[in-house]
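Trainee: The structure file work_27.txt (compact mmCIF, C-alpha atoms) is provided below.
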# COMPACT_ATOMS: atom_id res chain seq x y z
CA MET A 715 17.60 38.24 -1.42
CA THR A 716 17.18 35.71 1.34
CA ASP A 717 15.36 36.88 4.44
CA PHE A 718 17.76 37.81 7.27
CA TYR A 719 16.13 35.39 9.69
CA GLU A 720 16.77 32.55 7.26
CA VAL A 721 20.38 33.68 6.84
CA VAL A 722 20.91 33.63 10.61
CA LYS A 723 19.19 30.25 10.84
CA SER A 724 21.53 28.81 8.22
CA THR A 725 24.50 30.26 10.14
CA VAL A 726 23.34 28.55 13.33
CA ASP A 727 23.00 25.31 11.32
CA LYS A 728 26.53 25.77 10.02
CA LEU A 729 27.86 26.38 13.54
CA ALA A 730 26.25 23.17 14.85
CA VAL A 731 27.33 21.05 11.88
CA ASP A 732 30.91 22.34 12.07
CA ILE A 733 31.09 21.47 15.79
CA ALA A 734 29.67 18.00 15.04
CA ASN A 735 32.19 17.49 12.26
CA ASN A 736 35.07 18.60 14.50
CA LEU A 737 33.97 16.09 17.13
CA THR A 738 33.24 13.46 14.39
CA ILE A 739 29.75 12.85 15.69
CA ALA A 740 26.30 13.30 14.17
CA PHE A 741 23.94 16.22 14.68
CA VAL A 742 20.23 16.76 14.98
CA GLU A 743 18.12 19.87 15.03
CA LEU A 744 15.29 19.53 17.53
CA ASP A 745 12.92 21.32 15.14
CA ASP A 746 13.69 18.93 12.27
CA THR A 747 10.39 17.08 12.37
CA VAL A 748 11.44 14.81 9.49
CA ASN A 749 14.42 13.22 11.27
CA VAL A 750 14.40 14.14 14.95
CA ASP A 751 12.53 11.07 16.22
CA ASP A 752 14.79 8.59 14.44
CA LYS A 753 17.95 10.41 15.42
CA LEU A 754 17.06 10.81 19.09
CA ALA A 755 16.15 7.12 19.19
CA SER A 756 19.55 6.11 17.84
CA PRO A 757 22.35 5.24 20.27
CA ALA A 758 24.84 7.49 18.46
CA ASP A 759 26.42 10.47 20.20
CA MET A 760 25.38 13.70 18.55
CA ILE A 761 25.19 17.45 18.71
CA VAL A 762 21.66 18.61 19.54
CA TYR A 763 20.62 22.16 18.83
CA GLN A 764 17.68 24.45 18.35
CA MET A 765 17.24 28.04 17.27
CA VAL A 766 14.84 29.19 19.94
CA GLY A 767 14.12 32.77 18.96
CA MET A 768 15.24 35.99 17.38
CA GLU A 769 13.74 39.41 17.74
CA GLU A 770 14.64 42.98 16.84
CA SER A 771 16.32 44.80 19.72
CA PRO A 772 15.31 47.56 19.59
CA ILE A 773 14.92 47.49 15.85
CA ASP A 774 16.53 46.00 12.74
CA PRO A 775 19.52 45.93 12.07
CA LEU A 776 20.06 45.09 15.76
CA TRP A 777 18.66 41.79 16.99
CA ASN A 778 18.70 39.45 19.96
CA LEU A 779 19.21 35.77 19.30
CA ASN A 780 18.65 32.79 21.57
CA ILE A 781 19.85 29.30 20.66
CA GLN A 782 20.35 26.08 22.53
CA ILE A 783 23.15 23.76 21.61
CA GLY A 784 24.55 20.73 23.38
CA GLY A 785 25.05 17.00 23.13
CA LYS A 786 23.35 13.65 23.48
CA THR A 787 24.97 10.42 24.57
CA THR A 788 23.73 6.91 25.29
CA GLY A 789 25.24 4.27 27.57
CA ASP A 790 27.32 6.97 29.22
CA SER A 791 26.98 6.11 32.91
CA ALA A 792 29.45 8.66 34.27
CA ASN A 793 28.44 11.26 31.66
CA TYR A 794 32.07 11.85 30.75
CA ASP A 795 31.34 11.42 27.05
CA LEU A 796 28.64 14.05 27.34
CA ALA A 797 30.97 16.31 29.32
CA GLY A 798 33.54 15.93 26.56
CA ILE A 799 31.00 16.97 23.96
CA ILE A 800 29.97 19.98 26.04
CA GLY A 801 33.64 20.91 26.26
CA GLY A 802 33.89 20.64 22.49
CA VAL A 803 30.86 22.86 22.06
CA ARG A 804 32.18 25.43 24.52
CA ALA A 805 35.42 25.68 22.53
CA SER A 806 33.38 27.40 19.80
CA VAL A 807 30.43 28.68 21.80
CA HIS A 808 31.61 30.87 24.65
CA LYS A 809 30.93 34.35 25.94
CA GLY A 810 32.55 36.95 23.72
CA ALA A 811 32.84 34.73 20.66
CA THR A 812 31.82 36.24 17.33
CA ILE A 813 30.43 34.39 14.36
CA ASP A 814 30.16 35.74 10.84
CA ILE A 815 26.65 35.64 9.43
CA MET A 816 26.51 34.28 5.90
CA ASP A 817 23.78 32.70 3.83
CA TYR A 818 24.43 28.96 4.03
CA SER A 819 20.90 28.00 2.98
CA GLY A 820 21.88 27.31 -0.63
CA VAL A 821 23.95 24.58 -2.18
CA SER A 822 26.90 26.85 -2.97
CA ALA A 823 29.16 28.19 -0.24
CA PRO A 824 28.43 31.87 0.47
CA THR A 825 30.98 34.62 -0.06
CA VAL A 826 29.26 37.68 1.42
CA LYS A 827 29.21 38.49 5.14
CA GLU A 828 25.79 39.80 6.07
CA GLY A 829 26.43 40.51 9.74
CA TYR A 830 27.82 39.23 13.02
CA ILE A 831 26.66 37.24 15.98
CA TYR A 832 28.24 38.25 19.29
CA LEU A 833 27.69 35.76 22.10
CA THR A 834 26.78 37.67 25.26
CA ASP A 835 25.71 34.89 27.58
CA VAL A 836 26.46 31.16 27.57
CA ALA A 837 25.16 28.96 30.38
CA VAL A 838 25.20 25.19 30.77
CA ASP A 839 21.69 24.02 31.57
CA PRO A 840 20.77 21.07 33.82
CA GLN A 841 21.06 17.67 32.19
CA ALA A 842 17.88 16.13 30.81
CA PHE A 843 17.04 12.50 30.31
CA ASP A 844 15.27 11.16 27.23
CA GLY A 845 14.67 7.44 27.46
CA ALA A 846 18.12 5.86 27.24
CA SER A 847 19.88 9.10 26.38
CA GLY A 848 21.29 11.95 28.40
CA ILE A 849 21.02 15.42 26.91
CA ARG A 850 22.70 18.57 28.16
CA MET A 851 22.30 21.93 26.45
CA LEU A 852 23.97 25.30 26.54
CA ASN A 853 21.58 28.21 26.61
CA VAL A 854 23.12 30.88 24.41
CA ASN A 855 22.06 34.51 24.15
CA ALA A 856 23.62 36.68 21.49
CA SER A 857 23.44 40.11 19.99
CA VAL A 858 23.16 40.22 16.24
CA VAL A 859 23.91 43.03 13.88
CA ARG A 860 23.01 43.05 10.24
CA THR A 861 25.61 44.83 8.11
CA VAL A 862 24.07 44.30 4.66
CA LEU A 863 20.89 46.32 4.48
CA MET B 930 -5.52 -40.29 -24.14
CA ASP B 931 -2.32 -38.73 -22.88
CA VAL B 932 -3.20 -35.95 -20.42
CA SER B 933 -0.77 -33.62 -22.16
CA GLU B 934 -2.90 -33.87 -25.29
CA ALA B 935 -5.93 -32.74 -23.33
CA ALA B 936 -3.97 -29.84 -21.93
CA SER B 937 -2.87 -28.81 -25.41
CA TRP B 938 -6.41 -29.09 -26.76
CA PHE B 939 -7.66 -26.36 -24.48
CA ALA B 940 -4.61 -24.09 -24.75
CA THR B 941 -6.20 -21.45 -26.96
CA VAL B 942 -5.60 -18.23 -25.03
CA PRO B 943 -2.36 -16.49 -26.00
CA LEU B 944 -0.36 -14.43 -23.51
CA ASP B 945 1.84 -11.46 -24.31
CA GLY B 946 4.80 -11.07 -21.99
CA TRP B 947 6.41 -7.90 -20.62
CA ASP B 948 10.18 -8.35 -20.67
CA GLY B 949 10.92 -5.20 -18.70
CA SER B 950 11.01 -2.86 -21.66
CA GLN B 951 8.44 -4.03 -24.20
CA TRP B 952 5.59 -6.42 -24.85
CA VAL B 953 6.44 -9.66 -26.66
CA SER B 954 3.48 -11.29 -28.38
CA ASN B 955 2.28 -14.84 -27.84
CA VAL B 956 4.92 -16.00 -25.40
CA ALA B 957 2.65 -18.72 -24.02
CA TYR B 958 -0.72 -20.41 -24.54
CA GLY B 959 -3.19 -21.85 -22.10
CA ASP B 960 -6.67 -21.37 -20.73
CA PHE B 961 -8.36 -19.74 -17.78
CA HIS B 962 -10.44 -21.92 -15.53
CA ALA B 963 -13.83 -21.04 -14.25
CA TYR B 964 -13.41 -22.95 -11.02
CA ASP B 965 -11.13 -20.29 -9.61
CA ARG B 966 -14.30 -18.38 -8.78
CA PHE B 967 -15.19 -20.99 -6.21
CA ILE B 968 -11.93 -20.85 -4.32
CA THR B 969 -12.71 -19.15 -1.06
CA GLU B 970 -10.21 -16.31 -0.86
CA ARG B 971 -12.16 -13.17 -1.71
CA THR B 972 -9.88 -12.08 -4.51
CA PHE B 973 -10.06 -15.37 -6.37
CA GLY B 974 -11.99 -15.19 -9.59
CA ALA B 975 -12.29 -11.44 -9.30
CA LYS B 976 -8.61 -10.56 -9.43
CA LYS B 977 -6.70 -13.78 -8.96
CA ARG B 978 -6.96 -16.22 -11.82
CA ILE B 979 -5.69 -19.70 -12.56
CA PHE B 980 -4.18 -20.28 -15.96
CA LEU B 981 -3.39 -23.80 -17.18
CA GLN B 982 -0.79 -24.26 -19.86
CA PRO B 983 0.67 -27.32 -21.54
CA ASP B 984 4.33 -27.89 -20.92
CA ASP B 985 5.43 -27.16 -24.48
CA LYS B 986 3.62 -23.81 -24.53
CA ARG B 987 4.26 -22.59 -21.04
CA LEU B 988 5.44 -19.18 -19.93
CA ASP B 989 9.05 -18.43 -19.10
CA VAL B 990 8.21 -16.82 -15.77
CA ALA B 991 11.73 -15.53 -15.25
CA ALA B 992 11.68 -13.59 -18.50
CA TYR B 993 8.08 -12.38 -18.32
CA PRO B 994 6.90 -11.50 -14.80
CA VAL B 995 3.91 -9.61 -16.22
CA VAL B 996 1.57 -10.93 -18.90
CA ARG B 997 -1.31 -9.55 -20.92
CA THR B 998 -4.39 -11.41 -22.11
CA PRO B 999 -6.18 -10.69 -25.42
CA ASP B 1000 -8.76 -8.51 -23.65
CA GLY B 1001 -5.94 -6.17 -22.63
CA LYS B 1002 -5.87 -7.02 -18.92
CA GLN B 1003 -2.46 -7.27 -17.31
CA TYR B 1004 -1.51 -9.80 -14.69
CA ILE B 1005 1.44 -10.31 -12.36
CA VAL B 1006 2.48 -13.95 -12.19
CA LEU B 1007 2.43 -15.08 -8.56
CA SER B 1008 3.38 -18.73 -8.89
CA ASP B 1009 4.13 -21.46 -11.40
CA ASN B 1010 3.20 -24.98 -10.27
CA ALA B 1011 4.05 -28.08 -12.23
CA ASP B 1012 1.37 -30.71 -12.88
CA ILE B 1013 3.15 -34.03 -13.12
CA GLU B 1014 2.08 -37.39 -14.47
CA GLY B 1015 4.45 -40.16 -13.50
CA VAL B 1016 7.82 -38.47 -13.68
CA SER B 1017 7.15 -35.94 -16.40
CA ARG B 1018 5.66 -32.49 -16.30
CA TYR B 1019 2.79 -32.27 -18.76
CA GLN B 1020 1.21 -28.99 -17.70
CA SER B 1021 1.78 -26.10 -15.38
CA THR B 1022 -0.63 -23.94 -13.43
CA LEU B 1023 -0.03 -20.23 -13.17
CA LEU B 1024 -1.54 -18.24 -10.36
CA MET B 1025 -1.90 -14.65 -11.54
CA VAL B 1026 -3.28 -11.47 -10.01
CA GLU B 1027 -4.74 -8.72 -12.14
CA ALA B 1028 -2.52 -5.63 -12.11
CA GLY B 1029 -5.03 -2.83 -12.48
CA TYR B 1030 -2.86 -0.03 -11.21
CA SER B 1031 0.42 1.62 -12.06
CA ALA B 1032 2.91 2.38 -9.29
CA ASP B 1033 5.85 4.76 -9.39
CA VAL B 1034 8.59 3.74 -6.97
CA VAL B 1035 9.61 7.07 -5.48
CA GLU B 1036 12.61 7.96 -3.39
CA PHE B 1037 12.71 11.29 -1.58
CA GLN B 1038 16.20 12.58 -2.11
CA THR B 1039 17.98 15.45 -0.38
CA THR B 1040 20.98 17.61 -1.15
CA THR B 1041 23.58 18.68 1.39
CA LEU B 1042 23.45 22.46 1.68
CA ALA B 1043 26.32 24.81 2.46
CA SER B 1044 25.26 24.77 6.12
CA GLY B 1045 25.69 20.99 6.27
CA GLN B 1046 21.96 20.52 6.71
CA GLN B 1047 19.89 18.60 4.20
CA SER B 1048 17.58 20.28 1.71
CA SER B 1049 13.87 19.53 1.71
CA PRO B 1050 13.28 16.10 0.21
CA THR B 1051 12.20 16.02 -3.41
CA PRO B 1052 10.55 12.99 -4.99
CA VAL B 1053 12.54 11.12 -7.63
CA THR B 1054 10.89 8.29 -9.56
CA LEU B 1055 13.17 5.24 -9.63
CA SER B 1056 10.94 2.90 -11.64
CA THR B 1057 7.37 2.30 -12.71
CA SER B 1058 5.44 -0.93 -12.74
CA VAL B 1059 1.93 -2.29 -12.87
CA CYS B 1060 0.67 -3.48 -9.51
CA ASP B 1061 -2.28 -4.80 -7.58
CA LEU B 1062 -3.64 -2.61 -4.81
CA GLU B 1063 -5.85 -3.87 -2.03
CA ARG B 1064 -6.87 -2.24 1.24
CA PHE B 1065 -6.86 -4.86 3.96
CA SER B 1066 -6.84 -3.18 7.35
CA VAL B 1067 -6.60 0.01 9.33
CA ASP B 1068 -3.90 1.12 11.71
CA LYS B 1069 -4.52 3.42 14.66
CA SER B 1070 -2.38 6.42 15.31
CA ASP B 1071 0.01 6.15 18.25
CA GLU B 1072 -0.76 9.72 19.25
CA PHE B 1073 -4.36 10.49 18.37
CA SER B 1074 -6.99 7.97 19.30
CA THR B 1075 -9.46 9.17 16.69
CA VAL B 1076 -7.04 8.90 13.77
CA VAL B 1077 -6.89 5.71 11.71
CA TYR B 1078 -4.83 4.98 8.66
CA GLY B 1079 -5.60 2.77 5.69
CA MET B 1080 -3.15 -0.10 5.36
CA PHE B 1081 -2.74 -1.54 1.90
CA LYS B 1082 -1.24 -4.62 0.34
CA ILE B 1083 0.47 -3.90 -2.95
CA VAL B 1084 1.74 -6.69 -5.19
CA LEU B 1085 4.63 -5.89 -7.50
CA PRO B 1086 6.80 -8.04 -9.76
CA ALA B 1087 9.84 -9.34 -7.87
CA SER B 1088 12.15 -7.62 -10.34
CA ILE B 1089 11.15 -4.16 -9.06
CA THR B 1090 13.50 -2.87 -6.36
CA VAL B 1091 11.57 -1.53 -3.38
CA ASP B 1092 12.57 -0.99 0.23
CA THR B 1093 11.21 0.73 3.28
CA ASP B 1094 12.90 4.03 2.38
CA HIS B 1095 10.69 4.28 -0.69
CA GLU B 1096 7.15 5.38 -1.29
CA LEU B 1097 4.79 4.27 -4.02
CA LEU B 1098 2.79 6.81 -5.99
CA ILE B 1099 -0.44 5.21 -7.14
CA ASP B 1100 -3.38 7.14 -8.57
CA GLY B 1101 -2.06 10.41 -7.16
CA ALA B 1102 -1.61 9.16 -3.59
CA TYR B 1103 1.59 8.29 -1.79
CA TYR B 1104 1.93 4.98 0.04
CA GLU B 1105 4.71 4.65 2.62
CA VAL B 1106 6.36 1.27 2.35
CA GLN B 1107 6.27 -0.39 5.77
CA ASP B 1108 7.34 -3.90 4.87
CA VAL B 1109 8.52 -5.79 1.80
CA SER B 1110 8.23 -9.56 1.65
CA PRO B 1111 8.88 -11.98 -1.19
CA GLU B 1112 5.79 -13.89 -2.18
CA LEU B 1113 6.73 -16.78 -4.52
CA LEU B 1114 7.39 -15.11 -7.91
CA ALA B 1115 6.22 -11.66 -6.84
CA GLN B 1116 6.65 -9.41 -3.82
CA ALA B 1117 4.05 -8.12 -1.41
CA ILE B 1118 4.34 -4.62 0.00
CA ARG B 1119 2.54 -3.51 3.15
CA ALA B 1120 2.05 0.22 2.87
CA LEU B 1121 0.42 3.12 4.64
CA LYS B 1122 -1.60 5.54 2.54
CA ARG B 1123 -0.11 8.92 3.35
CA THR B 1124 -1.55 11.83 1.43
CA ALA B 1125 -3.15 12.87 -1.76
CA ALA B 1126 -0.49 14.27 -4.07
Go ahead and render the structure in this file as structure tokens.
Mentor:
Amino acid sequence: MTDFYEVVKSTVDKLAVDIANNLTIAFVELDDTVNVDDKLASPADMIVYQMVGMEESPIDPLWNLNIQIGGKTTGDSANYDLAGIIGGVRASVHKGATIDIMDYSGVSAPTVKEGYIYLTDVAVDPQAFDGASGIRMLNVNASVVRTVL
Amino acid sequence: MDVSEAASWFATVPLDGWDGSQWVSNVAYGDFHAYDRFITERTFGAKKRIFLQPDDKRLDVAAYPVVRTPDGKQYIVLSDNADIEGVSRYQSTLLMVEAGYSADVVEFQTTTLASGQQSSPTPVTLSTSVCDLERFSVDKSDEFSTVVYGMFKIVLPASITVDTDHELLIDGAYYEVQDVSPELLAQAIRALKRTAA
């Protein structure tokens, strides 16, 4: 059985990839050391995300989760493209939203729900600047419950 | 005496040719010349050799990019230069480099997972070829001033497909392909030695 942390991580990946696909832009995980440098250096718009942390609260099967998810644009002087991406992210990532936790770490699509993510706090962070790109992230706190023990 | 007769007189060394799948015996005749040891490039005489061959016994360099001498050494053909008397070619001069290593051309392939992310890359061998391997410089790390990398020049037959997404596995070590450039009949790869396998 896959470790619950890995299952949640794969669910966060799935969330970010689905948002990127809906917006028909690319995505990059900030902790992906294999590809992050090349992707951030590219001029393409993309979803940028990172699973910051997850800890038992107070104890398994209840957890707290913190992720950051946002967008990157280049050549976007008024930042409207970036604002549009943030709007697209917020359509899925907003306070009160729930996300089913499933194990997406394999090749085959999962069929078993292993828990839920409930978004308790979503805040738009200040915009950052990385070379030629603007990056703005949403800081997301969530409560997680594991239902398959 | 016709110079072509002199060239034929000395053409006593047979070459076997590698056609991409098997060795073909005695595809050409010629002779090695001792004077290549006095050409100044450091690899001449040691690894690079000059092979003279009369026109009627010369190698089809398109069909056989790699040859083997009777002592079992393998060479990659780098160039084929015609020696001309008047208007006719009577002899040709092959420049060859000894191919003392075997290189696997490796591509690290990924699979798209259910999450949409990519799986960890796994090495897949696309082809294997003899090659020449020579360390020619170092490269300093952009991030750590005390770290230096070994830069290598690797010569492969031109028929082997290599690009900068590939790595070469030679003697248990991976070499990241930084640059691929055609070099007459062969191709020269500039590569960074990465890790021991």
Trainee: Restricting the calculation to all atoms listed in the file, which member of B:Leu1024, B:Ala1043, B:Val1034, B:Ala940 is positioned closest to chain A?
Mentor: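 Of B:Leu1024, B:Ala1043, B:Val1034, B:Ala940, the one nearest chain A, counting all atoms listed in the file, is B:Ala1043.
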Trainee: Could the residues of chain B within 10 Å of chain A, counting all atoms listed in the file, be given as a VMD selection string, please?
Mentor: chain B and resid 1040 to 1050
Trainee: Could you tell me how far atom CA of B:Ser954 lies from atom CA of B:Ala991, in Å and to one decimal?
Mentor: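 Atom-to-atom, atom CA of B:Ser954 and atom CA of B:Ala991 are spaced 16.1 Å apart.
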Trainee: One decimal, in Å: what's the spacing between atom CA of A:Ala856 and atom CA of A:Ile813?
Mentor: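 Distance reported for this atom pair: 10.1 Å.
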Trainee: When distances are computed from all atoms listed in the file, which of A:Leu754, A:Ile761, A:Leu779, A:Val859 shows the smallest separation from A:Asp835?
Mentor: A:Leu779
Trainee: Neighbours of A:Ile831 within 12 Å (only C-alpha atoms; same-chain residues fewer than 5 positions away dropped), as a PyMOL selection string?
Mentor: chain A and resi 721-723+725-726+729+768+775-781+807-816+854-861
Trainee: To one decimal place in Å, what is the distance between atom CA of B:Gly1079 and atom CA of B:Lys1122?
Mentor: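 Atom CA of B:Gly1079 sits 5.8 Å away from atom CA of B:Lys1122.
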Trainee: Residues near stretch 1103-1106 of chain B, anyone? I mean within 7 Å using only C-alpha atoms, not counting same-chain ones fewer than 4 positions away, as a list of chain:residue names.
Mentor: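 Using only C-alpha atoms, the neighbours found are B:Asp1092, B:Thr1093, B:His1095, B:Glu1096, B:Leu1097, B:Leu1098, B:Ile1099, B:Ile1118, B:Arg1119, B:Ala1120, B:Leu1121, B:Lys1122, B:Arg1123, B:Thr1124, B:Ala1125, B:Ala1126.
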Trainee: If we count all atoms listed in the file and set the cut-off at 12 Å, which residues sit around B:Asp984, ignoring sequence neighbours fewer than 6 positions away in its own chain? Please answer as a count of residues only.
Mentor: 23
Trainee: At a cut-off of 7 Å, using all atoms listed in the file, what residues contact stretch 1110-1116 of chain B? Leave out same-chain residues fewer than 2 positions from it and give the result as a short mmCIF file (atom, residue, chain, number, x, y, z; two decimals) with C-alpha atoms, in the frame of the given file.
Mentor:
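File part.cif, as written:
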data_model
loop_
_atom_site.label_atom_id
_atom_site.label_comp_id
_atom_site.auth_asym_id
_atom_site.auth_seq_id
_atom_site.Cartn_x
_atom_site.Cartn_y
_atom_site.Cartn_z
CA VAL B 1006 2.48 -13.95 -12.19
CA LEU B 1007 2.43 -15.08 -8.56
CA SER B 1008 3.38 -18.73 -8.89
CA VAL B 1084 1.74 -6.69 -5.19
CA LEU B 1085 4.63 -5.89 -7.50
CA PRO B 1086 6.80 -8.04 -9.76
CA ALA B 1087 9.84 -9.34 -7.87
CA ASP B 1108 7.34 -3.90 4.87
CA ILE B 1118 4.34 -4.62 0.00
#
